Structure formats: structure tokens, C-alpha cells
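**Student:** If it helps, the file is called model_33.pdb and holds PDB, N, CA and C atoms:
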```pdb
ATOM      1  N   MET Z   1      65.172 116.121 125.546
ATOM      2  CA  MET Z   1      65.445 116.506 124.176
ATOM      3  C   MET Z   1      66.422 115.485 123.566
ATOM      4  N   PRO Z   2      66.133 114.987 122.346
ATOM      5  CA  PRO Z   2      67.023 113.989 121.718
ATOM      6  C   PRO Z   2      68.340 114.620 121.285
ATOM      7  N   GLU Z   3      69.371 113.781 121.285
ATOM      8  CA  GLU Z   3      70.681 114.258 120.823
ATOM      9  C   GLU Z   3      70.651 114.527 119.330
ATOM     10  N   LYS Z   4      71.374 115.545 118.901
ATOM     11  CA  LYS Z   4      71.454 115.874 117.478
ATOM     12  C   LYS Z   4      72.567 115.064 116.831
ATOM     13  N   ALA Z   5      72.334 114.692 115.585
ATOM     14  CA  ALA Z   5      73.354 113.961 114.838
ATOM     15  C   ALA Z   5      74.473 114.899 114.434
ATOM     16  N   GLY Z   6      75.650 114.388 114.320
ATOM     17  CA  GLY Z   6      76.783 115.209 113.907
ATOM     18  C   GLY Z   6      78.073 114.486 114.179
ATOM     19  N   TYR Z   7      79.145 115.226 114.174
ATOM     20  CA  TYR Z   7      80.446 114.630 114.455
ATOM     21  C   TYR Z   7      81.326 115.653 115.142
ATOM     22  N   ILE Z   8      82.351 115.168 115.786
ATOM     23  CA  ILE Z   8      83.315 116.040 116.436
ATOM     24  C   ILE Z   8      84.460 116.250 115.449
ATOM     25  N   ALA Z   9      84.669 117.488 115.082
ATOM     26  CA  ALA Z   9      85.740 117.806 114.126
ATOM     27  C   ALA Z   9      87.104 117.564 114.766
ATOM     28  N   PRO Z  10      88.064 117.082 113.975
ATOM     29  CA  PRO Z  10      89.400 116.873 114.542
ATOM     30  C   PRO Z  10      90.043 118.210 114.898
ATOM     31  N   PRO Z  11      90.918 118.229 115.903
ATOM     32  CA  PRO Z  11      91.582 119.489 116.269
ATOM     33  C   PRO Z  11      92.522 119.947 115.154
ATOM     34  N   LEU Z  12      92.799 121.231 115.137
ATOM     35  CA  LEU Z  12      93.684 121.790 114.117
ATOM     36  C   LEU Z  12      95.138 121.865 114.574
ATOM     37  N   ASP Z  13      95.429 121.338 115.755
ATOM     38  CA  ASP Z  13      96.816 121.271 116.210
ATOM     39  C   ASP Z  13      97.635 120.494 115.190
ATOM     40  N   ARG Z  14      98.747 121.043 114.779
ATOM     41  CA  ARG Z  14      99.659 120.394 113.834
ATOM     42  C   ARG Z  14      98.997 120.046 112.498
ATOM     43  N   VAL Z  15      98.036 120.847 112.069
ATOM     44  CA  VAL Z  15      97.359 120.599 110.791
ATOM     45  C   VAL Z  15      98.344 120.614 109.628
ATOM     46  N   TRP Z  16      99.432 121.349 109.765
ATOM     47  CA  TRP Z  16     100.454 121.423 108.724
ATOM     48  C   TRP Z  16     101.033 120.048 108.403
ATOM     49  N   ALA Z  17     100.938 119.115 109.319
ATOM     50  CA  ALA Z  17     101.539 117.796 109.121
ATOM     51  C   ALA Z  17     100.552 116.753 108.625
ATOM     52  N   SER Z  18      99.340 117.173 108.275
ATOM     53  CA  SER Z  18      98.312 116.184 107.928
ATOM     54  C   SER Z  18      97.841 116.259 106.480
ATOM     55  N   ALA Z  19      98.706 116.688 105.577
ATOM     56  CA  ALA Z  19      98.343 116.758 104.155
ATOM     57  C   ALA Z  19      98.137 115.349 103.612
ATOM     58  N   PRO Z  20      97.326 115.179 102.595
ATOM     59  CA  PRO Z  20      96.513 116.160 101.874
ATOM     60  C   PRO Z  20      95.281 116.566 102.690
ATOM     61  N   TYR Z  21      94.632 117.631 102.257
ATOM     62  CA  TYR Z  21      93.592 118.266 103.049
ATOM     63  C   TYR Z  21      92.184 118.046 102.497
ATOM     64  N   PHE Z  22      91.217 118.359 103.314
ATOM     65  CA  PHE Z  22      89.773 118.170 103.149
ATOM     66  C   PHE Z  22      89.419 116.711 103.404
ATOM     67  N   HIS Z  23      88.164 116.457 103.529
ATOM     68  CA  HIS Z  23      87.699 115.117 103.909
ATOM     69  C   HIS Z  23      88.093 114.050 102.896
ATOM     70  N   ASN Z  24      88.324 114.455 101.662
ATOM     71  CA  ASN Z  24      88.631 113.479 100.609
ATOM     72  C   ASN Z  24      90.087 113.547 100.140
ATOM     73  N   GLY Z  25      90.908 114.341 100.800
ATOM     74  CA  GLY Z  25      92.319 114.423 100.419
ATOM     75  C   GLY Z  25      92.565 115.064  99.078
ATOM     76  N   SER Z  26      91.693 115.981  98.662
ATOM     77  CA  SER Z  26      91.757 116.546  97.313
ATOM     78  C   SER Z  26      92.674 117.751  97.155
ATOM     79  N   VAL Z  27      93.234 118.271  98.239
ATOM     80  CA  VAL Z  27      94.072 119.469  98.165
ATOM     81  C   VAL Z  27      95.444 119.142  98.780
ATOM     82  N   PRO Z  28      96.525 119.277  97.993
ATOM     83  CA  PRO Z  28      97.835 118.827  98.459
ATOM     84  C   PRO Z  28      98.536 119.720  99.480
ATOM     85  N   THR Z  29      98.197 121.023  99.553
ATOM     86  CA  THR Z  29      98.915 121.929 100.454
ATOM     87  C   THR Z  29      97.963 122.904 101.143
ATOM     88  N   LEU Z  30      98.423 123.498 102.260
ATOM     89  CA  LEU Z  30      97.627 124.529 102.927
ATOM     90  C   LEU Z  30      97.499 125.777 102.054
ATOM     91  N   TYR Z  31      98.516 126.058 101.248
ATOM     92  CA  TYR Z  31      98.438 127.175 100.305
ATOM     93  C   TYR Z  31      97.186 127.031  99.441
ATOM     94  N   HIS Z  32      96.954 125.833  98.922
ATOM     95  CA  HIS Z  32      95.797 125.598  98.059
ATOM     96  C   HIS Z  32      94.483 125.583  98.834
ATOM     97  N   VAL Z  33      94.532 125.252 100.110
ATOM     98  CA  VAL Z  33      93.321 125.364 100.942
ATOM     99  C   VAL Z  33      92.888 126.825 100.964
ATOM    100  N   LEU Z  34      93.865 127.725 101.131
ATOM    101  CA  LEU Z  34      93.566 129.155 101.249
ATOM    102  C   LEU Z  34      93.423 129.857  99.906
ATOM    103  N   LYS Z  35      93.966 129.304  98.850
ATOM    104  CA  LYS Z  35      93.933 129.927  97.517
ATOM    105  C   LYS Z  35      93.178 128.991  96.569
ATOM    106  N   ALA Z  36      91.852 128.949  96.697
ATOM    107  CA  ALA Z  36      91.008 128.003  95.959
ATOM    108  C   ALA Z  36      91.180 128.105  94.446
ATOM    109  N   SER Z  37      91.438 129.298  93.941
ATOM    110  CA  SER Z  37      91.549 129.488  92.491
ATOM    111  C   SER Z  37      92.772 128.787  91.900
ATOM    112  N   GLU Z  38      93.727 128.392  92.721
ATOM    113  CA  GLU Z  38      94.943 127.756  92.219
ATOM    114  C   GLU Z  38      95.026 126.261  92.545
ATOM    115  N   ARG Z  39      93.951 125.682  93.020
ATOM    116  CA  ARG Z  39      93.964 124.254  93.340
ATOM    117  C   ARG Z  39      94.123 123.426  92.068
ATOM    118  N   PRO Z  40      95.015 122.437  92.089
ATOM    119  CA  PRO Z  40      95.222 121.617  90.892
ATOM    120  C   PRO Z  40      94.031 120.703  90.627
ATOM    121  N   ALA Z  41      93.696 120.522  89.352
ATOM    122  CA  ALA Z  41      92.573 119.660  88.962
ATOM    123  C   ALA Z  41      92.974 118.189  89.002
ATOM    124  N   ILE Z  42      94.148 117.873  88.484
ATOM    125  CA  ILE Z  42      94.684 116.514  88.515
ATOM    126  C   ILE Z  42      96.117 116.630  89.005
ATOM    127  N   TRP Z  43      96.459 115.884  90.038
ATOM    128  CA  TRP Z  43      97.794 115.990  90.605
ATOM    129  C   TRP Z  43      98.227 114.650  91.192
ATOM    130  N   SER Z  44      99.529 114.558  91.427
ATOM    131  CA  SER Z  44     100.074 113.380  92.093
ATOM    132  C   SER Z  44     101.265 113.809  92.932
ATOM    133  N   ARG Z  45     101.621 112.976  93.879
ATOM    134  CA  ARG Z  45     102.840 113.235  94.641
ATOM    135  C   ARG Z  45     104.016 113.167  93.673
ATOM    136  N   THR Z  46     105.059 113.924  93.956
ATOM    137  CA  THR Z  46     106.194 113.946  93.037
ATOM    138  C   THR Z  46     107.040 112.704  93.142
ATOM    139  N   ASN Z  47     106.925 111.980  94.236
ATOM    140  CA  ASN Z  47     107.709 110.759  94.389
ATOM    141  C   ASN Z  47     106.983 109.817  95.345
ATOM    142  N   THR Z  48     107.568 108.712  95.631
ATOM    143  CA  THR Z  48     106.930 107.725  96.496
ATOM    144  C   THR Z  48     107.335 107.875  97.959
ATOM    145  N   ASP Z  49     108.154 108.865  98.283
ATOM    146  CA  ASP Z  49     108.577 109.093  99.660
ATOM    147  C   ASP Z  49     107.417 109.704 100.454
ATOM    148  N   PRO Z  50     106.872 108.988 101.434
ATOM    149  CA  PRO Z  50     105.736 109.522 102.185
ATOM    150  C   PRO Z  50     106.101 110.738 103.031
ATOM    151  N   PHE Z  51     107.395 111.016 103.191
ATOM    152  CA  PHE Z  51     107.821 112.151 103.996
ATOM    153  C   PHE Z  51     108.241 113.353 103.156
ATOM    154  N   ALA Z  52     108.085 113.276 101.827
ATOM    155  CA  ALA Z  52     108.418 114.408 100.957
ATOM    156  C   ALA Z  52     107.444 115.544 101.253
ATOM    157  N   TYR Z  53     107.967 116.698 101.598
ATOM    158  CA  TYR Z  53     107.138 117.782 102.116
ATOM    159  C   TYR Z  53     107.519 119.110 101.480
ATOM    160  N   ASP Z  54     106.522 119.899 101.133
ATOM    161  CA  ASP Z  54     106.726 121.229 100.564
ATOM    162  C   ASP Z  54     106.710 122.233 101.721
ATOM    163  N   LEU Z  55     107.864 122.773 102.057
ATOM    164  CA  LEU Z  55     107.966 123.692 103.189
ATOM    165  C   LEU Z  55     107.434 125.080 102.873
ATOM    166  N   GLU Z  56     107.368 125.446 101.591
ATOM    167  CA  GLU Z  56     106.864 126.775 101.230
ATOM    168  C   GLU Z  56     105.336 126.815 101.193
ATOM    169  N   LYS Z  57     104.729 125.822 100.553
ATOM    170  CA  LYS Z  57     103.264 125.794 100.445
ATOM    171  C   LYS Z  57     102.624 124.976 101.563
ATOM    172  N   VAL Z  58     103.427 124.367 102.377
ATOM    173  CA  VAL Z  58     103.024 123.599 103.552
ATOM    174  C   VAL Z  58     102.086 122.459 103.170
ATOM    175  N   GLY Z  59     102.685 121.370 102.766
ATOM    176  CA  GLY Z  59     101.912 120.197 102.397
ATOM    177  C   GLY Z  59     102.752 119.228 101.590
ATOM    178  N   LEU Z  60     102.081 118.407 100.824
ATOM    179  CA  LEU Z  60     102.767 117.405 100.021
ATOM    180  C   LEU Z  60     103.534 118.037  98.865
ATOM    181  N   LEU Z  61     104.687 117.474  98.550
ATOM    182  CA  LEU Z  61     105.325 117.813  97.282
ATOM    183  C   LEU Z  61     104.468 117.140  96.209
ATOM    184  N   TYR Z  62     104.023 117.885  95.237
ATOM    185  CA  TYR Z  62     103.110 117.336  94.238
ATOM    186  C   TYR Z  62     103.488 117.839  92.859
ATOM    187  N   GLN Z  63     102.921 117.184  91.861
ATOM    188  CA  GLN Z  63     103.098 117.596  90.468
ATOM    189  C   GLN Z  63     101.712 117.687  89.854
ATOM    190  N   GLU Z  64     101.407 118.843  89.283
ATOM    191  CA  GLU Z  64     100.123 119.002  88.602
ATOM    192  C   GLU Z  64     100.203 118.316  87.241
ATOM    193  N   LYS Z  65      99.138 117.613  86.884
ATOM    194  CA  LYS Z  65      99.077 116.925  85.593
ATOM    195  C   LYS Z  65      98.287 117.795  84.628
ATOM    196  N   ASP Z  66      98.953 118.268  83.592
ATOM    197  CA  ASP Z  66      98.284 119.057  82.557
ATOM    198  C   ASP Z  66      97.925 118.082  81.445
ATOM    199  N   ILE Z  67      96.714 117.563  81.481
ATOM    200  CA  ILE Z  67      96.318 116.495  80.566
ATOM    201  C   ILE Z  67      94.890 116.749  80.081
ATOM    202  N   SER Z  68      94.668 116.512  78.811
ATOM    203  CA  SER Z  68      93.334 116.710  78.236
ATOM    204  C   SER Z  68      92.418 115.573  78.698
ATOM    205  N   PRO Z  69      91.106 115.796  78.678
ATOM    206  CA  PRO Z  69      90.166 114.722  79.035
ATOM    207  C   PRO Z  69      90.340 113.478  78.157
ATOM    208  N   GLU Z  70      90.659 113.682  76.873
ATOM    209  CA  GLU Z  70      90.847 112.550  75.962
ATOM    210  C   GLU Z  70      92.068 111.705  76.373
ATOM    211  N   ASN Z  71      93.183 112.392  76.675
ATOM    212  CA  ASN Z  71      94.380 111.670  77.097
ATOM    213  C   ASN Z  71      94.175 111.003  78.453
ATOM    214  N   TYR Z  72      93.439 111.658  79.333
ATOM    215  CA  TYR Z  72      93.143 111.043  80.625
ATOM    216  C   TYR Z  72      92.345 109.753  80.419
ATOM    217  N   ALA Z  73      91.365 109.800  79.533
ATOM    218  CA  ALA Z  73      90.555 108.606  79.240
ATOM    219  C   ALA Z  73      91.421 107.492  78.672
ATOM    220  N   ARG Z  74      92.400 107.843  77.813
ATOM    221  CA  ARG Z  74      93.310 106.834  77.261
ATOM    222  C   ARG Z  74      94.148 106.180  78.355
ATOM    223  N   TRP Z  75      94.675 106.998  79.262
ATOM    224  CA  TRP Z  75      95.456 106.464  80.381
ATOM    225  C   TRP Z  75      94.593 105.523  81.224
ATOM    226  N   LYS Z  76      93.372 105.944  81.483
ATOM    227  CA  LYS Z  76      92.459 105.140  82.312
ATOM    228  C   LYS Z  76      92.159 103.798  81.646
ATOM    229  N   THR Z  77      91.896 103.825  80.348
ATOM    230  CA  THR Z  77      91.617 102.595  79.601
ATOM    231  C   THR Z  77      92.831 101.678  79.604
ATOM    232  N   ALA Z  78      94.006 102.243  79.376
ATOM    233  CA  ALA Z  78      95.235 101.450  79.370
ATOM    234  C   ALA Z  78      95.493 100.837  80.749
ATOM    235  N   ALA Z  79      95.229 101.596  81.805
ATOM    236  CA  ALA Z  79      95.442 101.092  83.161
ATOM    237  C   ALA Z  79      94.496  99.941  83.484
ATOM    238  N   LYS Z  80      93.267 100.034  83.001
ATOM    239  CA  LYS Z  80      92.307  98.947  83.226
ATOM    240  C   LYS Z  80      92.680  97.717  82.405
ATOM    241  N   GLY Z  81      93.211  97.947  81.204
ATOM    242  CA  GLY Z  81      93.570  96.845  80.316
ATOM    243  C   GLY Z  81      94.765  96.044  80.815
ATOM    244  N   ASN Z  82      95.709  96.724  81.452
ATOM    245  CA  ASN Z  82      96.896  96.046  81.966
ATOM    246  C   ASN Z  82      97.225  96.638  83.337
ATOM    247  N   PRO Z  83      96.507  96.214  84.388
ATOM    248  CA  PRO Z  83      96.641  96.840  85.702
ATOM    249  C   PRO Z  83      98.012  96.675  86.365
ATOM    250  N   ARG Z  84      98.853  95.786  85.846
ATOM    251  CA  ARG Z  84     100.184  95.595  86.444
ATOM    252  C   ARG Z  84     101.279  96.368  85.713
ATOM    253  N   SER Z  85     100.907  97.084  84.685
ATOM    254  CA  SER Z  85     101.910  97.833  83.916
ATOM    255  C   SER Z  85     102.395  99.050  84.701
ATOM    256  N   GLU Z  86     103.544  99.562  84.292
ATOM    257  CA  GLU Z  86     104.082 100.768  84.920
ATOM    258  C   GLU Z  86     103.134 101.950  84.721
ATOM    259  N   GLU Z  87     102.505 102.035  83.541
ATOM    260  CA  GLU Z  87     101.554 103.119  83.275
ATOM    261  C   GLU Z  87     100.363 103.041  84.223
ATOM    262  N   ALA Z  88      99.888 101.833  84.495
ATOM    263  CA  ALA Z  88      98.763 101.663  85.416
ATOM    264  C   ALA Z  88      99.156 102.081  86.835
ATOM    265  N   ARG Z  89     100.360 101.719  87.248
ATOM    266  CA  ARG Z  89     100.822 102.136  88.584
ATOM    267  C   ARG Z  89     100.922 103.653  88.666
ATOM    268  N   GLU Z  90     101.437 104.262  87.609
ATOM    269  CA  GLU Z  90     101.524 105.729  87.567
ATOM    270  C   GLU Z  90     100.127 106.345  87.621
ATOM    271  N   PHE Z  91      99.214 105.824  86.826
ATOM    272  CA  PHE Z  91      97.854 106.364  86.765
ATOM    273  C   PHE Z  91      97.173 106.293  88.132
ATOM    274  N   ARG Z  92      97.384 105.246  88.873
ATOM    275  CA  ARG Z  92      96.749 105.102  90.189
ATOM    276  C   ARG Z  92      97.272 106.110  91.196
ATOM    277  N   ARG Z  93      98.382 106.738  90.917
ATOM    278  CA  ARG Z  93      98.920 107.773  91.812
ATOM    279  C   ARG Z  93      98.264 109.143  91.580
ATOM    280  N   TRP Z  94      97.561 109.288  90.477
ATOM    281  CA  TRP Z  94      96.947 110.571  90.155
ATOM    282  C   TRP Z  94      95.698 110.789  90.994
ATOM    283  N   TYR Z  95      95.464 112.050  91.378
ATOM    284  CA  TYR Z  95      94.228 112.429  92.056
ATOM    285  C   TYR Z  95      93.475 113.349  91.099
ATOM    286  N   ASN Z  96      92.348 112.894  90.596
ATOM    287  CA  ASN Z  96      91.538 113.659  89.646
ATOM    288  C   ASN Z  96      90.335 114.222  90.389
ATOM    289  N   THR Z  97      90.288 115.541  90.534
ATOM    290  CA  THR Z  97      89.231 116.177  91.318
ATOM    291  C   THR Z  97      87.889 116.249  90.591
ATOM    292  N   SER Z  98      87.817 115.770  89.352
ATOM    293  CA  SER Z  98      86.542 115.802  88.641
ATOM    294  C   SER Z  98      85.709 114.551  88.929
ATOM    295  N   GLY Z  99      86.270 113.574  89.615
ATOM    296  CA  GLY Z  99      85.542 112.351  89.926
ATOM    297  C   GLY Z  99      84.490 112.570  91.001
ATOM    298  N   MET Z 100      83.494 111.689  91.012
ATOM    299  CA  MET Z 100      82.418 111.760  91.994
ATOM    300  C   MET Z 100      82.987 111.692  93.417
ATOM    301  N   GLY Z 101      82.670 112.672  94.238
ATOM    302  CA  GLY Z 101      83.136 112.711  95.623
ATOM    303  C   GLY Z 101      84.590 113.120  95.791
ATOM    304  N   ARG Z 102      85.231 113.554  94.716
ATOM    305  CA  ARG Z 102      86.653 113.899  94.769
ATOM    306  C   ARG Z 102      86.932 115.387  94.518
ATOM    307  N   SER Z 103      85.891 116.185  94.445
ATOM    308  CA  SER Z 103      86.044 117.604  94.139
ATOM    309  C   SER Z 103      86.848 118.337  95.208
ATOM    310  N   ASN Z 104      87.548 119.385  94.785
ATOM    311  CA  ASN Z 104      88.274 120.239  95.725
ATOM    312  C   ASN Z 104      87.715 121.663  95.707
ATOM    313  N   GLN Z 105      86.510 121.845  95.195
ATOM    314  CA  GLN Z 105      85.953 123.196  95.047
ATOM    315  C   GLN Z 105      84.877 123.566  96.061
ATOM    316  N   GLY Z 106      84.631 122.725  97.039
ATOM    317  CA  GLY Z 106      83.546 122.989  97.984
ATOM    318  C   GLY Z 106      83.831 124.005  99.045
ATOM    319  N   HIS Z 107      85.091 124.397  99.232
ATOM    320  CA  HIS Z 107      85.454 125.318 100.292
ATOM    321  C   HIS Z 107      86.270 126.475  99.721
ATOM    322  N   ASP Z 108      85.920 127.689 100.113
ATOM    323  CA  ASP Z 108      86.699 128.866  99.705
ATOM    324  C   ASP Z 108      87.466 129.387 100.899
TER     325      ASP Z 108
END
```
Represent the structure of the file as C-alpha cells.
**Tutor:**
Amino acid sequence: MPEKAGYIAPPLDRVWASAPYFHNGSVPTLYHVLKASERPAIWSRTNTDPFAYDLEKVGLLYQEKDISPENYARWKTAAKGNPRSEEAREFRRWYNTSGMGRSNQGHD
């Protein structure tokens, strides 16, 4: 019998230390893994410290971006126009779950 295609899932030991979550890194905390209705649509880490950690929600310290699609498009255009600007660096830190392959809604 031929072998079936697939993969070996990583162990869940110390999963609390491996944020962000899901295959695409679209969920910043374990709280949001378990509470799908509260997952942020656009978010970024609150700072550049890779060790900044949210002990209550168990995951990355993050900031949700409350931004309209029009303003998001403006930021994106500005970032492309001047990729070395501070605004472009800020924009690249954002995680937008509406992008292709970036959704955070596939798991409940």
C-alpha cells in the first residue's frame, strides 16, 4: 500500500511560547485562538521587543488597528511610494487578516 501524503504536526508542548498562532501567524494570543469572535482584523506588535509578552491573554503584546479600508489603502500607497519612510516601516509591522492566505477565521 502506498504511503499517504501529509505532515507531522508540531507538538503542543510549550505552545504558549510560540505566538503568533496558526500556520500563517494571524492570531496574536491563545485567548484569540479560543475566542474566534474577538480576533483582531488588523493588528501589530505594540513594540519592537521580540520578548514582549501578554501574560493574561498568553501571546504577543499587540495593538489592534481600527482603520477604514480607505485609510488602509492610503497607508499602503504611501508605503509603496516611499518604502524607507517611517510610515512605511510602521505599515510593514501591521498584520492584515483580509489579505490572501492571511485569514484568521478558518478555525473555531
**Student:** List the residues matched by the PyMOL selection byres (((chain Z and resi 25-39 and name CA) around 9) and name CA) in the displayed structure as a count of residues only, ordered by chain and then by residue number.
**Tutor:** 30
**Student:** Please indicate the distance in Å from CA of Arg93 in chain Z to CA of Arg14 in chain Z, rounded to one decimal place.
**Tutor:**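 Computing it gives 25.4 Å between the two atoms.
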**Student:** I need the helix (DSSP H, G or I) residues of range 29-108 of chain Z per DSSP on the backbone, written as a list in words.
**Tutor:** Leu30, Tyr31, His32, Val33, Leu34, Ala36, Ser37, Glu38, Pro69, Glu70, Asn71, Tyr72, Ala73, Arg74, Trp75, Lys76, Thr77, Ala78, Ala79, Lys80, Gly81, Glu86, Glu87, Ala88, Arg89, Glu90, Phe91 and Arg92 of chain Z
**Student:** What does the distance from CA of Tyr53 in chain Z to atom N of Ser18 in chain Z come to in Å, to one decimal?
**Tutor:**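 Those two atoms sit 10.0 Å apart.
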**Student:** To one decimal place, how far is CA of Pro83 in chain Z from CA of Gln63 in chain Z in Å?
**Tutor:**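 Distance between the two atoms: 22.3 Å.
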**Student:** When you count only C-alpha atoms, which of these residues is closest to Gly99 in chain Z: Z:Leu12, Z:Ile42, Z:Ala17, Z:Ala5?
**Tutor:**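 Of all the options, Z:Ile42 lies closest to Gly99 in chain Z.
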**Student:** Mind giving me the axis-aligned box for range 13-21 of chain Z with 8 Å on every side, centre plus edges in Å to one decimal, as lines of an AutoDock Vina configuration file?
**Tutor:**
```
center_x = 96.9
center_y = 118.3
center_z = 109.0
size_x = 25.4
size_y = 22.2
size_z = 30.3
```
**Student:** Could you tell me which residues the PyMOL selection byres (((chain Z and resi 66-79 and name CA) around 9) and name CA) grabs in this file, written as a tab-separated table (two decimals) with N, CA and C atoms, in the frame of the given file?
**Tutor:**
```tsv
chain	number	residue	atom	x	y	z
Z	41	ALA	N	93.70	120.52	89.35
Z	41	ALA	CA	92.57	119.66	88.96
Z	41	ALA	C	92.97	118.19	89.00
Z	42	ILE	N	94.15	117.87	88.48
Z	42	ILE	CA	94.68	116.51	88.52
Z	42	ILE	C	96.12	116.63	89.00
Z	43	TRP	N	96.46	115.88	90.04
Z	43	TRP	CA	97.79	115.99	90.60
Z	43	TRP	C	98.23	114.65	91.19
Z	64	GLU	N	101.41	118.84	89.28
Z	64	GLU	CA	100.12	119.00	88.60
Z	64	GLU	C	100.20	118.32	87.24
Z	65	LYS	N	99.14	117.61	86.88
Z	65	LYS	CA	99.08	116.92	85.59
Z	65	LYS	C	98.29	117.80	84.63
Z	80	LYS	N	93.27	100.03	83.00
Z	80	LYS	CA	92.31	98.95	83.23
Z	80	LYS	C	92.68	97.72	82.40
Z	81	GLY	N	93.21	97.95	81.20
Z	81	GLY	CA	93.57	96.84	80.32
Z	81	GLY	C	94.76	96.04	80.82
Z	82	ASN	N	95.71	96.72	81.45
Z	82	ASN	CA	96.90	96.05	81.97
Z	82	ASN	C	97.22	96.64	83.34
Z	83	PRO	N	96.51	96.21	84.39
Z	83	PRO	CA	96.64	96.84	85.70
Z	83	PRO	C	98.01	96.68	86.36
Z	84	ARG	N	98.85	95.79	85.85
Z	84	ARG	CA	100.18	95.60	86.44
Z	84	ARG	C	101.28	96.37	85.71
Z	85	SER	N	100.91	97.08	84.68
Z	85	SER	CA	101.91	97.83	83.92
Z	85	SER	C	102.40	99.05	84.70
Z	86	GLU	N	103.54	99.56	84.29
Z	86	GLU	CA	104.08	100.77	84.92
Z	86	GLU	C	103.13	101.95	84.72
Z	87	GLU	N	102.50	102.04	83.54
Z	87	GLU	CA	101.55	103.12	83.28
Z	87	GLU	C	100.36	103.04	84.22
Z	88	ALA	N	99.89	101.83	84.50
Z	88	ALA	CA	98.76	101.66	85.42
Z	88	ALA	C	99.16	102.08	86.84
Z	89	ARG	N	100.36	101.72	87.25
Z	89	ARG	CA	100.82	102.14	88.58
Z	89	ARG	C	100.92	103.65	88.67
Z	90	GLU	N	101.44	104.26	87.61
Z	90	GLU	CA	101.52	105.73	87.57
Z	90	GLU	C	100.13	106.34	87.62
Z	91	PHE	N	99.21	105.82	86.83
Z	91	PHE	CA	97.85	106.36	86.76
Z	91	PHE	C	97.17	106.29	88.13
Z	92	ARG	N	97.38	105.25	88.87
Z	92	ARG	CA	96.75	105.10	90.19
Z	92	ARG	C	97.27	106.11	91.20
```
**Student:** I need the residues of range 25-105 of chain Z that end up classed as strand (DSSP E or B) by DSSP on the backbone, written out as a PDB file with N, CA and C atoms, in the coordinates of the input.
**Tutor:**
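Output below, filename part-v4.pdb:
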```pdb
ATOM      1  N   VAL Z  27      93.234 118.271  98.239  1.00  0.00           N
ATOM      2  CA  VAL Z  27      94.072 119.469  98.165  1.00  0.00           C
ATOM      3  C   VAL Z  27      95.444 119.142  98.780  1.00  0.00           C
ATOM      4  N   THR Z  29      98.197 121.023  99.553  1.00  0.00           N
ATOM      5  CA  THR Z  29      98.915 121.929 100.454  1.00  0.00           C
ATOM      6  C   THR Z  29      97.963 122.904 101.143  1.00  0.00           C
ATOM      7  N   ILE Z  42      94.148 117.873  88.484  1.00  0.00           N
ATOM      8  CA  ILE Z  42      94.684 116.514  88.515  1.00  0.00           C
ATOM      9  C   ILE Z  42      96.117 116.630  89.005  1.00  0.00           C
ATOM     10  N   TRP Z  43      96.459 115.884  90.038  1.00  0.00           N
ATOM     11  CA  TRP Z  43      97.794 115.990  90.605  1.00  0.00           C
ATOM     12  C   TRP Z  43      98.227 114.650  91.192  1.00  0.00           C
ATOM     13  N   SER Z  44      99.529 114.558  91.427  1.00  0.00           N
ATOM     14  CA  SER Z  44     100.074 113.380  92.093  1.00  0.00           C
ATOM     15  C   SER Z  44     101.265 113.809  92.932  1.00  0.00           C
ATOM     16  N   ARG Z  45     101.621 112.976  93.879  1.00  0.00           N
ATOM     17  CA  ARG Z  45     102.840 113.235  94.641  1.00  0.00           C
ATOM     18  C   ARG Z  45     104.016 113.167  93.673  1.00  0.00           C
ATOM     19  N   TYR Z  53     107.967 116.698 101.598  1.00  0.00           N
ATOM     20  CA  TYR Z  53     107.138 117.782 102.116  1.00  0.00           C
ATOM     21  C   TYR Z  53     107.519 119.110 101.480  1.00  0.00           C
ATOM     22  N   ASP Z  54     106.522 119.899 101.133  1.00  0.00           N
ATOM     23  CA  ASP Z  54     106.726 121.229 100.564  1.00  0.00           C
ATOM     24  C   ASP Z  54     106.710 122.233 101.721  1.00  0.00           C
ATOM     25  N   GLY Z  59     102.685 121.370 102.766  1.00  0.00           N
ATOM     26  CA  GLY Z  59     101.912 120.197 102.397  1.00  0.00           C
ATOM     27  C   GLY Z  59     102.752 119.228 101.590  1.00  0.00           C
ATOM     28  N   LEU Z  60     102.081 118.407 100.824  1.00  0.00           N
ATOM     29  CA  LEU Z  60     102.767 117.405 100.021  1.00  0.00           C
ATOM     30  C   LEU Z  60     103.534 118.037  98.865  1.00  0.00           C
ATOM     31  N   TYR Z  62     104.023 117.885  95.237  1.00  0.00           N
ATOM     32  CA  TYR Z  62     103.110 117.336  94.238  1.00  0.00           C
ATOM     33  C   TYR Z  62     103.488 117.839  92.859  1.00  0.00           C
ATOM     34  N   GLN Z  63     102.921 117.184  91.861  1.00  0.00           N
ATOM     35  CA  GLN Z  63     103.098 117.596  90.468  1.00  0.00           C
ATOM     36  C   GLN Z  63     101.712 117.687  89.854  1.00  0.00           C
ATOM     37  N   GLU Z  64     101.407 118.843  89.283  1.00  0.00           N
ATOM     38  CA  GLU Z  64     100.123 119.002  88.602  1.00  0.00           C
ATOM     39  C   GLU Z  64     100.203 118.316  87.241  1.00  0.00           C
ATOM     40  N   TYR Z  95      95.464 112.050  91.378  1.00  0.00           N
ATOM     41  CA  TYR Z  95      94.228 112.429  92.056  1.00  0.00           C
ATOM     42  C   TYR Z  95      93.475 113.349  91.099  1.00  0.00           C
ATOM     43  N   ASN Z  96      92.348 112.894  90.596  1.00  0.00           N
ATOM     44  CA  ASN Z  96      91.538 113.659  89.646  1.00  0.00           C
ATOM     45  C   ASN Z  96      90.335 114.222  90.389  1.00  0.00           C
TER      46      ASN Z  96
END
```
